[in-house]
>>> print(open('query.pdb').read())   # PDB, C-alpha atoms
ATOM      1  CA  MET I 273      93.195  71.972  90.483
ATOM      2  CA  GLN I 274      95.608  74.369  88.805
ATOM      3  CA  VAL I 275      94.217  77.396  86.961
ATOM      4  CA  TYR I 276      96.280  79.597  84.650
ATOM      5  CA  LEU I 277      95.964  83.336  85.312
ATOM      6  CA  PRO I 278      96.474  85.152  81.970
ATOM      7  CA  ILE I 279      97.413  88.606  83.278
ATOM      8  CA  ALA I 280      99.497  87.372  86.230
ATOM      9  CA  GLU I 281     101.033  84.708  83.923
ATOM     10  CA  VAL I 282     101.207  82.067  86.681
ATOM     11  CA  SER I 283      99.290  78.878  87.543
ATOM     12  CA  VAL I 284      97.632  78.717  90.982
ATOM     13  CA  ASN I 285      95.409  76.188  92.766
ATOM     14  CA  ALA I 286      91.786  77.299  92.305
ATOM     15  CA  PHE I 287      90.649  75.980  95.693
ATOM     16  CA  LEU I 288      93.447  77.936  97.392
ATOM     17  CA  LEU I 289      92.172  81.150  95.816
ATOM     18  CA  LEU I 290      88.564  80.338  96.767
ATOM     19  CA  GLY I 291      89.689  79.718 100.349
ATOM     20  CA  LEU I 292      91.656  82.970 100.532
ATOM     21  CA  GLY I 293      88.658  84.872  99.150
ATOM     22  CA  GLY I 294      86.396  83.242 101.722
ATOM     23  CA  ILE I 295      88.702  84.173 104.620
ATOM     24  CA  VAL I 296      88.818  87.800 103.525
ATOM     25  CA  GLY I 297      85.033  87.796 103.044
ATOM     26  CA  VAL I 298      84.537  86.609 106.632
ATOM     27  CA  LEU I 299      86.790  89.443 107.865
ATOM     28  CA  SER I 300      84.831  91.923 105.774
ATOM     29  CA  GLY I 301      81.500  90.875 107.245
ATOM     30  CA  MET I 302      82.771  90.698 110.845
ATOM     31  CA  PHE I 303      84.876  93.835 111.117
ATOM     32  CA  GLY I 304      83.827  96.149 108.281
ATOM     33  CA  VAL I 305      87.275  95.992 106.672
ATOM     34  CA  GLY I 306      87.862  95.277 102.998
ATOM     35  CA  GLY I 307      90.520  92.713 103.883
ATOM     36  CA  GLY I 308      93.089  94.026 101.415
ATOM     37  CA  PHE I 309      95.655  94.521 104.182
ATOM     38  CA  LEU I 310      95.628  90.728 104.590
ATOM     39  CA  MET I 311      94.862  89.460 101.074
ATOM     40  CA  THR I 312      97.399  91.596  99.187
ATOM     41  CA  PRO I 313     100.412  90.192 101.129
ATOM     42  CA  LEU I 314      98.944  86.669 100.821
ATOM     43  CA  LEU I 315      98.775  87.024  97.041
ATOM     44  CA  PHE I 316     102.426  88.131  97.066
ATOM     45  CA  PHE I 317     103.315  84.991  99.025
ATOM     46  CA  ILE I 318     101.692  82.599  96.484
ATOM     47  CA  GLY I 319     103.543  84.161  93.554
ATOM     48  CA  ILE I 320     101.133  86.770  92.154
ATOM     49  CA  PRO I 321     103.040  89.831  90.784
ATOM     50  CA  PRO I 322     102.543  92.886  93.072
ATOM     51  CA  ALA I 323     100.964  95.099  90.378
ATOM     52  CA  VAL I 324      98.375  92.435  89.508
ATOM     53  CA  ALA I 325      97.741  91.586  93.188
ATOM     54  CA  VAL I 326      97.025  95.211  94.147
ATOM     55  CA  ALA I 327      94.700  95.919  91.195
ATOM     56  CA  THR I 328      92.790  92.623  91.340
ATOM     57  CA  GLU I 329      92.440  92.664  95.129
ATOM     58  CA  ALA I 330      90.797  96.096  94.938
ATOM     59  CA  ASN I 331      88.251  94.479  92.619
ATOM     60  CA  GLN I 332      87.631  91.602  95.058
ATOM     61  CA  ILE I 333      87.127  94.053  97.939
ATOM     62  CA  VAL I 334      84.242  95.654  96.018
ATOM     63  CA  ALA I 335      82.306  92.379  95.848
ATOM     64  CA  SER I 336      82.924  91.159  99.398
ATOM     65  CA  SER I 337      82.088  94.629 100.782
ATOM     66  CA  PHE I 338      78.892  94.804  98.688
ATOM     67  CA  SER I 339      77.801  91.413 100.005
ATOM     68  CA  GLY I 340      78.461  92.563 103.574
ATOM     69  CA  VAL I 341      76.577  95.847 103.074
ATOM     70  CA  LEU I 342      73.453  94.019 101.893
ATOM     71  CA  ALA I 343      73.389  92.064 105.144
ATOM     72  CA  HIS I 344      73.862  95.242 107.217
ATOM     73  CA  LEU I 345      71.192  97.150 105.254
ATOM     74  CA  ARG I 346      68.691  94.459 106.208
ATOM     75  CA  ARG I 347      69.601  95.090 109.865
ATOM     76  CA  LYS I 348      69.445  98.893 109.348
ATOM     77  CA  THR I 349      73.012  99.341 110.643
ATOM     78  CA  VAL I 350      74.300 101.537 107.792
ATOM     79  CA  ASP I 351      74.491 105.326 108.194
ATOM     80  CA  LEU I 352      74.072 106.376 104.549
ATOM     81  CA  ARG I 353      74.575 110.082 105.273
ATOM     82  CA  MET I 354      77.866 109.486 107.096
ATOM     83  CA  GLY I 355      78.881 107.005 104.389
ATOM     84  CA  THR I 356      78.290 109.635 101.689
ATOM     85  CA  VAL I 357      80.469 112.214 103.473
ATOM     86  CA  LEU I 358      83.233 109.618 103.875
ATOM     87  CA  LEU I 359      82.820 108.656 100.214
ATOM     88  CA  ILE I 360      83.333 112.220  98.971
ATOM     89  CA  GLY I 361      86.601 112.410 100.881
ATOM     90  CA  GLY I 362      87.548 108.916  99.688
ATOM     91  CA  LEU I 363      87.190 109.741  95.985
ATOM     92  CA  VAL I 364      89.330 112.857  96.406
ATOM     93  CA  GLY I 365      91.910 110.819  98.329
ATOM     94  CA  ALA I 366      91.992 108.096  95.663
ATOM     95  CA  GLY I 367      92.808 110.656  92.976
ATOM     96  CA  LEU I 368      95.494 112.180  95.202
ATOM     97  CA  GLY I 369      96.854 108.701  95.966
ATOM     98  CA  VAL I 370      97.414 107.987  92.260
ATOM     99  CA  VAL I 371      99.529 111.145  91.997
ATOM    100  CA  ILE I 372     101.562 110.149  95.090
ATOM    101  CA  PHE I 373     101.992 106.590  93.759
ATOM    102  CA  ASN I 374     103.366 107.874  90.445
ATOM    103  CA  TYR I 375     105.823 110.094  92.340
ATOM    104  CA  LEU I 376     107.016 107.178  94.495
ATOM    105  CA  LYS I 377     107.300 105.038  91.358
ATOM    106  CA  ALA I 378     109.533 107.684  89.766
ATOM    107  CA  LEU I 379     111.838 107.508  92.811
ATOM    108  CA  GLY I 380     112.286 103.763  92.193
ATOM    109  CA  GLN I 381     111.526 102.693  95.786
ATOM    110  CA  VAL I 382     107.776 102.238  95.646
ATOM    111  CA  ASP I 383     107.776  98.586  96.847
ATOM    112  CA  LEU I 384     109.876  99.346  99.924
ATOM    113  CA  LEU I 385     107.940 102.487 100.808
ATOM    114  CA  VAL I 386     104.575 100.723 100.461
ATOM    115  CA  LYS I 387     105.697  97.902 102.784
ATOM    116  CA  LEU I 388     107.020 100.426 105.312
ATOM    117  CA  CYS I 389     103.655 102.216 105.211
ATOM    118  CA  TYR I 390     101.946  98.887 105.928
ATOM    119  CA  VAL I 391     104.218  98.192 108.917
ATOM    120  CA  VAL I 392     103.850 101.687 110.417
ATOM    121  CA  PHE I 393     100.078 102.005 109.975
ATOM    122  CA  LEU I 394      99.260  98.457 111.032
ATOM    123  CA  GLY I 395     101.628  98.544 114.020
ATOM    124  CA  VAL I 396     100.372 101.841 115.446
ATOM    125  CA  ILE I 397      96.659 101.225 114.876
ATOM    126  CA  GLY I 398      96.766  97.571 115.936
ATOM    127  CA  GLY I 399      98.633  98.441 119.141
ATOM    128  CA  LEU I 400      96.243 101.260 120.081
ATOM    129  CA  MET I 401      93.166  99.133 119.358
ATOM    130  CA  PHE I 402      94.534  96.194 121.359
ATOM    131  CA  ILE I 403      95.278  98.328 124.449
ATOM    132  CA  GLU I 404      91.915 100.093 124.299
ATOM    133  CA  SER I 405      89.991  96.848 123.818
ATOM    134  CA  LEU I 406      91.742  95.187 126.772
ATOM    135  CA  ASN I 407      90.829  98.158 128.983
ATOM    136  CA  ALA I 408      87.203  98.001 127.800
ATOM    137  CA  ILE I 409      86.972  94.259 128.542
ATOM    138  CA  ARG I 410      88.457  94.784 132.036
ATOM    139  CA  LYS I 411      85.927  97.520 132.797
ATOM    140  CA  THR I 412      83.095  95.288 131.596
ATOM    141  CA  LYS I 413      84.226  92.407 133.820
ATOM    142  CA  SER I 414      84.592  94.709 136.832
ATOM    143  CA  GLY I 415      80.960  95.704 136.454
ATOM    144  CA  LYS I 416      81.624  99.429 136.096
ATOM    145  CA  PRO I 417      79.188 101.266 133.855
ATOM    146  CA  PRO I 418      80.789 102.482 130.602
ATOM    147  CA  ALA I 419      81.879 106.097 130.767
ATOM    148  CA  ARG I 420      79.780 108.556 128.834
ATOM    149  CA  LYS I 421      81.452 109.982 125.759
ATOM    150  CA  LYS I 422      82.815 113.432 126.576
ATOM    151  CA  HIS I 423      82.748 116.315 124.159
ATOM    152  CA  ASN I 424      86.150 116.951 122.588
ATOM    153  CA  TRP I 425      87.667 119.406 120.118
ATOM    154  CA  ILE I 426      85.799 117.768 117.215
ATOM    155  CA  HIS I 427      82.461 118.979 118.597
ATOM    156  CA  GLY I 428      83.689 122.568 118.381
ATOM    157  CA  LEU I 429      84.393 122.496 114.621
ATOM    158  CA  PRO I 430      82.087 124.325 112.154
ATOM    159  CA  PHE I 431      79.888 122.915 109.328
ATOM    160  CA  LYS I 432      77.964 120.577 111.620
ATOM    161  CA  MET I 433      75.559 117.962 110.297
ATOM    162  CA  ARG I 434      73.172 115.614 112.048
ATOM    163  CA  PHE I 435      73.743 111.885 111.492
ATOM    164  CA  ARG I 436      70.567 110.315 112.900
ATOM    165  CA  VAL I 437      71.482 106.630 112.476
ATOM    166  CA  SER I 438      74.771 107.190 114.353
ATOM    167  CA  GLY I 439      73.156 109.532 116.881
ATOM    168  CA  LEU I 440      75.734 112.266 116.179
ATOM    169  CA  TYR I 441      75.707 116.005 115.533
ATOM    170  CA  ILE I 442      79.256 116.827 114.470
ATOM    171  CA  SER I 443      81.263 118.723 111.861
ATOM    172  CA  VAL I 444      81.665 117.121 108.424
ATOM    173  CA  ILE I 445      85.388 118.062 108.417
ATOM    174  CA  PRO I 446      86.700 115.028 110.414
ATOM    175  CA  PRO I 447      84.769 112.455 108.300
ATOM    176  CA  LEU I 448      86.016 114.130 105.121
ATOM    177  CA  ILE I 449      89.642 113.966 106.359
ATOM    178  CA  VAL I 450      89.227 110.291 107.314
ATOM    179  CA  GLY I 451      87.770 109.613 103.857
ATOM    180  CA  VAL I 452      90.676 111.351 102.091
ATOM    181  CA  LEU I 453      93.236 109.349 104.093
ATOM    182  CA  VAL I 454      91.474 106.054 103.285
ATOM    183  CA  GLY I 455      91.282 106.982  99.593
ATOM    184  CA  VAL I 456      95.034 107.667  99.490
ATOM    185  CA  LEU I 457      95.743 104.288 101.128
ATOM    186  CA  ALA I 458      93.420 102.494  98.664
ATOM    187  CA  ALA I 459      95.304 103.924  95.678
ATOM    188  CA  ILE I 460      98.836 103.403  97.036
ATOM    189  CA  MET I 461      98.546 100.086  98.898
ATOM    190  CA  GLY I 462      95.591  98.333  97.246
ATOM    191  CA  VAL I 463      93.586  98.139 100.478
ATOM    192  CA  GLY I 464      90.035  99.071 101.359
ATOM    193  CA  GLY I 465      91.288 101.134 104.293
ATOM    194  CA  GLY I 466      88.892  99.645 106.830
ATOM    195  CA  PHE I 467      91.731  99.041 109.292
ATOM    196  CA  ILE I 468      92.130 102.849 109.401
ATOM    197  CA  MET I 469      88.494 103.806 109.027
ATOM    198  CA  VAL I 470      86.916 101.516 111.620
ATOM    199  CA  PRO I 471      89.092 102.726 114.547
ATOM    200  CA  ALA I 472      88.732 106.351 113.375
ATOM    201  CA  MET I 473      84.941 106.102 113.221
ATOM    202  CA  ILE I 474      84.773 104.530 116.696
ATOM    203  CA  TYR I 475      87.361 106.559 118.605
ATOM    204  CA  LEU I 476      87.569 109.838 116.653
ATOM    205  CA  LEU I 477      83.985 110.344 115.476
ATOM    206  CA  GLY I 478      82.344 108.450 118.367
ATOM    207  CA  MET I 479      80.068 106.276 116.205
ATOM    208  CA  PRO I 480      78.409 103.140 117.682
ATOM    209  CA  THR I 481      80.312  99.954 116.755
ATOM    210  CA  LYS I 482      77.207  98.263 115.298
ATOM    211  CA  VAL I 483      76.778 101.127 112.788
ATOM    212  CA  VAL I 484      80.496 101.499 112.009
ATOM    213  CA  VAL I 485      80.903  98.148 110.244
ATOM    214  CA  GLY I 486      78.119  98.606 107.677
ATOM    215  CA  THR I 487      78.940 102.278 107.048
ATOM    216  CA  SER I 488      82.618 101.453 106.524
ATOM    217  CA  LEU I 489      81.739  98.761 103.964
ATOM    218  CA  PHE I 490      79.403 101.181 102.129
ATOM    219  CA  GLN I 491      82.236 103.669 101.617
ATOM    220  CA  ILE I 492      84.800 100.991 100.744
ATOM    221  CA  ILE I 493      82.663  99.701  97.834
ATOM    222  CA  PHE I 494      82.881 102.948  95.860
ATOM    223  CA  VAL I 495      86.452 103.923  96.712
ATOM    224  CA  THR I 496      87.910 100.528  95.794
ATOM    225  CA  GLY I 497      85.666 100.394  92.699
ATOM    226  CA  PHE I 498      87.087 103.744  91.565
ATOM    227  CA  THR I 499      90.629 102.514  92.290
ATOM    228  CA  THR I 500      90.016  99.314  90.304
ATOM    229  CA  LEU I 501      88.770 101.362  87.349
ATOM    230  CA  LEU I 502      91.945 103.470  87.399
ATOM    231  CA  HIS I 503      94.170 100.366  87.466
ATOM    232  CA  ALA I 504      92.191  98.600  84.735
ATOM    233  CA  THR I 505      92.244 101.546  82.339
ATOM    234  CA  THR I 506      95.797 102.795  82.930
ATOM    235  CA  ASN I 507      97.915  99.801  83.982
ATOM    236  CA  TYR I 508      95.851  96.876  82.566
ATOM    237  CA  THR I 509      96.709  94.789  85.642
ATOM    238  CA  VAL I 510      93.276  93.425  86.655
ATOM    239  CA  ASP I 511      93.265  89.629  86.168
ATOM    240  CA  VAL I 512      89.649  88.605  85.512
ATOM    241  CA  VAL I 513      90.163  84.892  86.282
ATOM    242  CA  LEU I 514      91.875  85.686  89.595
ATOM    243  CA  ALA I 515      89.191  88.257  90.417
ATOM    244  CA  VAL I 516      86.288  85.822  89.784
ATOM    245  CA  LEU I 517      87.767  83.113  92.028
ATOM    246  CA  LEU I 518      88.392  85.627  94.826
ATOM    247  CA  LEU I 519      84.911  87.124  94.327
ATOM    248  CA  VAL I 520      83.077  83.803  94.733
ATOM    249  CA  GLY I 521      84.895  83.032  97.985
ATOM    250  CA  GLY I 522      84.567  86.614  99.219
ATOM    251  CA  VAL I 523      80.808  86.919  98.695
ATOM    252  CA  ILE I 524      80.097  83.664 100.555
ATOM    253  CA  GLY I 525      82.545  84.530 103.335
ATOM    254  CA  ALA I 526      81.043  88.008 103.885
ATOM    255  CA  GLN I 527      77.605  86.558 104.653
ATOM    256  CA  ILE I 528      79.138  84.130 107.177
ATOM    257  CA  GLY I 529      81.256  86.896 108.737
ATOM    258  CA  THR I 530      78.253  89.171 109.200
ATOM    259  CA  ARG I 531      76.394  86.467 111.143
ATOM    260  CA  ILE I 532      79.442  85.796 113.338
ATOM    261  CA  GLY I 533      79.935  89.527 113.979
ATOM    262  CA  VAL I 534      76.374  89.964 115.268
ATOM    263  CA  LYS I 535      76.949  87.287 117.941
ATOM    264  CA  LEU I 536      80.170  88.852 119.294
ATOM    265  CA  LYS I 537      80.420  91.817 121.654
ATOM    266  CA  ALA I 538      81.903  95.089 120.438
ATOM    267  CA  GLU I 539      85.008  94.719 122.632
ATOM    268  CA  GLN I 540      85.603  91.189 121.344
ATOM    269  CA  LEU I 541      85.325  92.336 117.727
ATOM    270  CA  ARG I 542      87.833  95.146 118.297
ATOM    271  CA  ILE I 543      90.406  92.950 120.050
ATOM    272  CA  LEU I 544      90.156  90.261 117.344
ATOM    273  CA  LEU I 545      90.704  92.875 114.637
ATOM    274  CA  ALA I 546      93.633  94.323 116.605
ATOM    275  CA  LEU I 547      95.293  90.884 116.858
ATOM    276  CA  MET I 548      94.779  90.319 113.127
ATOM    277  CA  VAL I 549      96.322  93.688 112.265
ATOM    278  CA  LEU I 550      99.323  93.120 114.552
ATOM    279  CA  GLY I 551      99.893  89.646 113.091
ATOM    280  CA  VAL I 552     100.081  90.966 109.520
ATOM    281  CA  CYS I 553     102.323  93.831 110.680
ATOM    282  CA  PHE I 554     104.725  91.366 112.323
ATOM    283  CA  LYS I 555     104.930  89.187 109.182
ATOM    284  CA  LEU I 556     105.616  92.164 106.896
ATOM    285  CA  ALA I 557     108.260  93.527 109.285
ATOM    286  CA  LEU I 558     110.001  90.115 109.322
ATOM    287  CA  ASP I 559     110.054  90.058 105.507
ATOM    288  CA  LEU I 560     111.768  93.457 105.487
ATOM    289  CA  LEU I 561     114.376  92.488 108.115
ATOM    290  CA  ILE I 562     115.230  88.887 107.202
ATOM    291  CA  MET I 563     117.616  88.324 104.289
ATOM    292  CA  PRO I 564     115.738  86.724 101.336
ATOM    293  CA  SER I 565     116.774  83.266 100.122
ATOM    294  CA  GLU I 566     117.468  84.733  96.668
ATOM    295  CA  LEU I 567     119.185  88.124  96.566
ATOM    296  CA  TYR I 568     118.548  88.615  92.846
ATOM    297  CA  SER I 569     115.697  87.766  90.515
ATOM    298  CA  VAL I 570     115.557  87.688  86.716
ATOM    299  CA  GLY I 571     112.432  88.777  84.883
ATOM    300  CA  ALA I 572     111.017  90.938  82.145
ATOM    301  CA  SER I 573     111.337  94.661  82.642
ATOM    302  CA  THR I 574     108.013  96.224  83.550
ATOM    303  CA  GLY I 575     109.165  99.689  84.456
ATOM    304  CA  HIS I 576     108.942  99.081  88.251
TER     305      HIS I 576
END
>>> encode(input="query.pdb", output="structure tokens")
Amino acid sequence: MQVYLPIAEVSVNAFLLLGLGGIVGVLSGMFGVGGGFLMTPLLFFIGIPPAVAVATEANQIVASSFSGVLAHLRRKTVDLRMGTVLLIGGLVGAGLGVVIFNYLKALGQVDLLVKLCYVVFLGVIGGLMFIESLNAIRKTKSGKPPARKKHNWIHGLPFKMRFRVSGLYISVIPPLIVGVLVGVLAAIMGVGGGFIMVPAMIYLLGMPTKVVVGTSLFQIIFVTGFTTLLHATTNYTVDVVLAVLLLVGGVIGAQIGTRIGVKLKAEQLRILLALMVLGVCFKLALDLLIMPSELYSVGASTGH
């Protein structure tokens, strides 16, 4: 069933869009990631213009993340205080990201630079997560008790705050920095930033995995919502028809993903997310290295 997308100006199979939204919703519920790092390239592949894909996907992330948060709130696995600190940094980062995006756009190489950012971030984080998860699984199988978290340089920073749900008493500076970085990524690459935030919250801040997922989704809702608002009011690139189809699939998928995530162990969740991240990184790197079938394209000038 073909549906015409008025802003994207292309016709796409409605069931394909519902399926893509559902897949990303499952990822959102399982791992606490918005799923934009996967959905945005997929929308490129089915012919959606990059500007429309980035803006509309940010909108879809809001809904799938909201659905996932509701499920986690019922299980009391959301640290609202930590989420608020991350959110403050995220809103600042989103504003900064818009400025950086405009600068890259003026240079005329924004598409290439965004794809390179994807490859670098996904490759480094996916590789580190995969290695760490393998080591954790080996230790679990060997029967050794997990090592107690040691105090590091983060515990010596000022402006400490107690996060009771996460069982932490740390400085607010690291969460703020993580939030700013995620906000910048949301504005530049159209992603929720969960693939950065989840590892940072686990390995840098030392939060329990069961609390990380819900807290990450809580922050992603507001940052991607703010990003969507900026795109809708300045670039007019949010396609409502595309957004609705992705939203329906995403909301349903998030509930399924949350139930799956509860049944899996923390190490299994991390290694699955690592494999997903590395897979997307590999595909994007191939697209940059392999010569395209058509070297030139003809289209209306949009200023990109």
>>> atom_distance(input="query.pdb", atom1="atom CA of I:Ala408", atom2="atom CA of I:Leu477")
17.7 Å
>>> residues_around(input="query.pdb", residues="I:Leu277", least_positions_apart="2", cutoff="12 Å", atoms="only C-alpha atoms", output="PyMOL selection string")
chain I and resi 274-275+279-286+289+319-321+324-325+328+509-517
>>> residues_around(input="query.pdb", residues="I:Met433", least_positions_apart="4", cutoff="8 Å", atoms="only C-alpha atoms", output="VMD selection string")
chain I and resid 441 to 444
>>> closest_residue(input="query.pdb", among="I:Gly533, I:Gly525, I:Gly365, I:Gly301", to="I:Leu342", atoms="all atoms listed in the file")
I:Gly301
>>> closest_residue(input="query.pdb", among="I:Ile360, I:Leu368, I:Val549, I:Val396", to="I:Leu457", atoms="only C-alpha atoms")
I:Leu368
>>> decode(input="query.pdb", residues="stretch 542-553 of chain I", atoms="N, CA, C and O atoms", output="PDB file, in the first residue's frame")
ATOM      1  N   ARG I 542      23.902  -5.534  26.762  1.00  0.00           N
ATOM      2  CA  ARG I 542      25.013  -4.687  26.303  1.00  0.00           C
ATOM      3  C   ARG I 542      25.671  -5.249  25.054  1.00  0.00           C
ATOM      4  O   ARG I 542      26.021  -4.498  24.142  1.00  0.00           O
ATOM      5  N   ILE I 543      25.841  -6.577  24.984  1.00  0.00           N
ATOM      6  CA  ILE I 543      26.519  -7.157  23.824  1.00  0.00           C
ATOM      7  C   ILE I 543      25.620  -7.107  22.584  1.00  0.00           C
ATOM      8  O   ILE I 543      26.089  -6.901  21.459  1.00  0.00           O
ATOM      9  N   LEU I 544      24.300  -7.235  22.765  1.00  0.00           N
ATOM     10  CA  LEU I 544      23.382  -7.087  21.640  1.00  0.00           C
ATOM     11  C   LEU I 544      23.401  -5.665  21.094  1.00  0.00           C
ATOM     12  O   LEU I 544      23.415  -5.448  19.879  1.00  0.00           O
ATOM     13  N   LEU I 545      23.401  -4.683  21.998  1.00  0.00           N
ATOM     14  CA  LEU I 545      23.468  -3.286  21.564  1.00  0.00           C
ATOM     15  C   LEU I 545      24.787  -3.005  20.863  1.00  0.00           C
ATOM     16  O   LEU I 545      24.832  -2.296  19.838  1.00  0.00           O
ATOM     17  N   ALA I 546      25.884  -3.560  21.378  1.00  0.00           N
ATOM     18  CA  ALA I 546      27.197  -3.370  20.764  1.00  0.00           C
ATOM     19  C   ALA I 546      27.219  -3.917  19.341  1.00  0.00           C
ATOM     20  O   ALA I 546      27.737  -3.280  18.412  1.00  0.00           O
ATOM     21  N   LEU I 547      26.657  -5.119  19.137  1.00  0.00           N
ATOM     22  CA  LEU I 547      26.609  -5.721  17.801  1.00  0.00           C
ATOM     23  C   LEU I 547      25.763  -4.874  16.849  1.00  0.00           C
ATOM     24  O   LEU I 547      26.106  -4.706  15.671  1.00  0.00           O
ATOM     25  N   MET I 548      24.655  -4.337  17.357  1.00  0.00           N
ATOM     26  CA  MET I 548      23.796  -3.488  16.537  1.00  0.00           C
ATOM     27  C   MET I 548      24.536  -2.231  16.107  1.00  0.00           C
ATOM     28  O   MET I 548      24.498  -1.821  14.937  1.00  0.00           O
ATOM     29  N   VAL I 549      25.229  -1.601  17.041  1.00  0.00           N
ATOM     30  CA  VAL I 549      25.978  -0.380  16.758  1.00  0.00           C
ATOM     31  C   VAL I 549      27.080  -0.637  15.734  1.00  0.00           C
ATOM     32  O   VAL I 549      27.273   0.128  14.778  1.00  0.00           O
ATOM     33  N   LEU I 550      27.818  -1.734  15.909  1.00  0.00           N
ATOM     34  CA  LEU I 550      28.903  -2.068  14.981  1.00  0.00           C
ATOM     35  C   LEU I 550      28.365  -2.384  13.587  1.00  0.00           C
ATOM     36  O   LEU I 550      28.997  -2.049  12.574  1.00  0.00           O
ATOM     37  N   GLY I 551      27.205  -3.023  13.508  1.00  0.00           N
ATOM     38  CA  GLY I 551      26.608  -3.337  12.216  1.00  0.00           C
ATOM     39  C   GLY I 551      26.259  -2.087  11.426  1.00  0.00           C
ATOM     40  O   GLY I 551      26.543  -1.977  10.227  1.00  0.00           O
ATOM     41  N   VAL I 552      25.639  -1.106  12.097  1.00  0.00           N
ATOM     42  CA  VAL I 552      25.294   0.155  11.437  1.00  0.00           C
ATOM     43  C   VAL I 552      26.559   0.909  11.035  1.00  0.00           C
ATOM     44  O   VAL I 552      26.632   1.498   9.948  1.00  0.00           O
ATOM     45  N   CYS I 553      27.563   0.890  11.899  1.00  0.00           N
ATOM     46  CA  CYS I 553      28.846   1.545  11.599  1.00  0.00           C
ATOM     47  C   CYS I 553      29.471   0.957  10.340  1.00  0.00           C
ATOM     48  O   CYS I 553      29.953   1.701   9.464  1.00  0.00           O
TER      49      CYS I 553
END
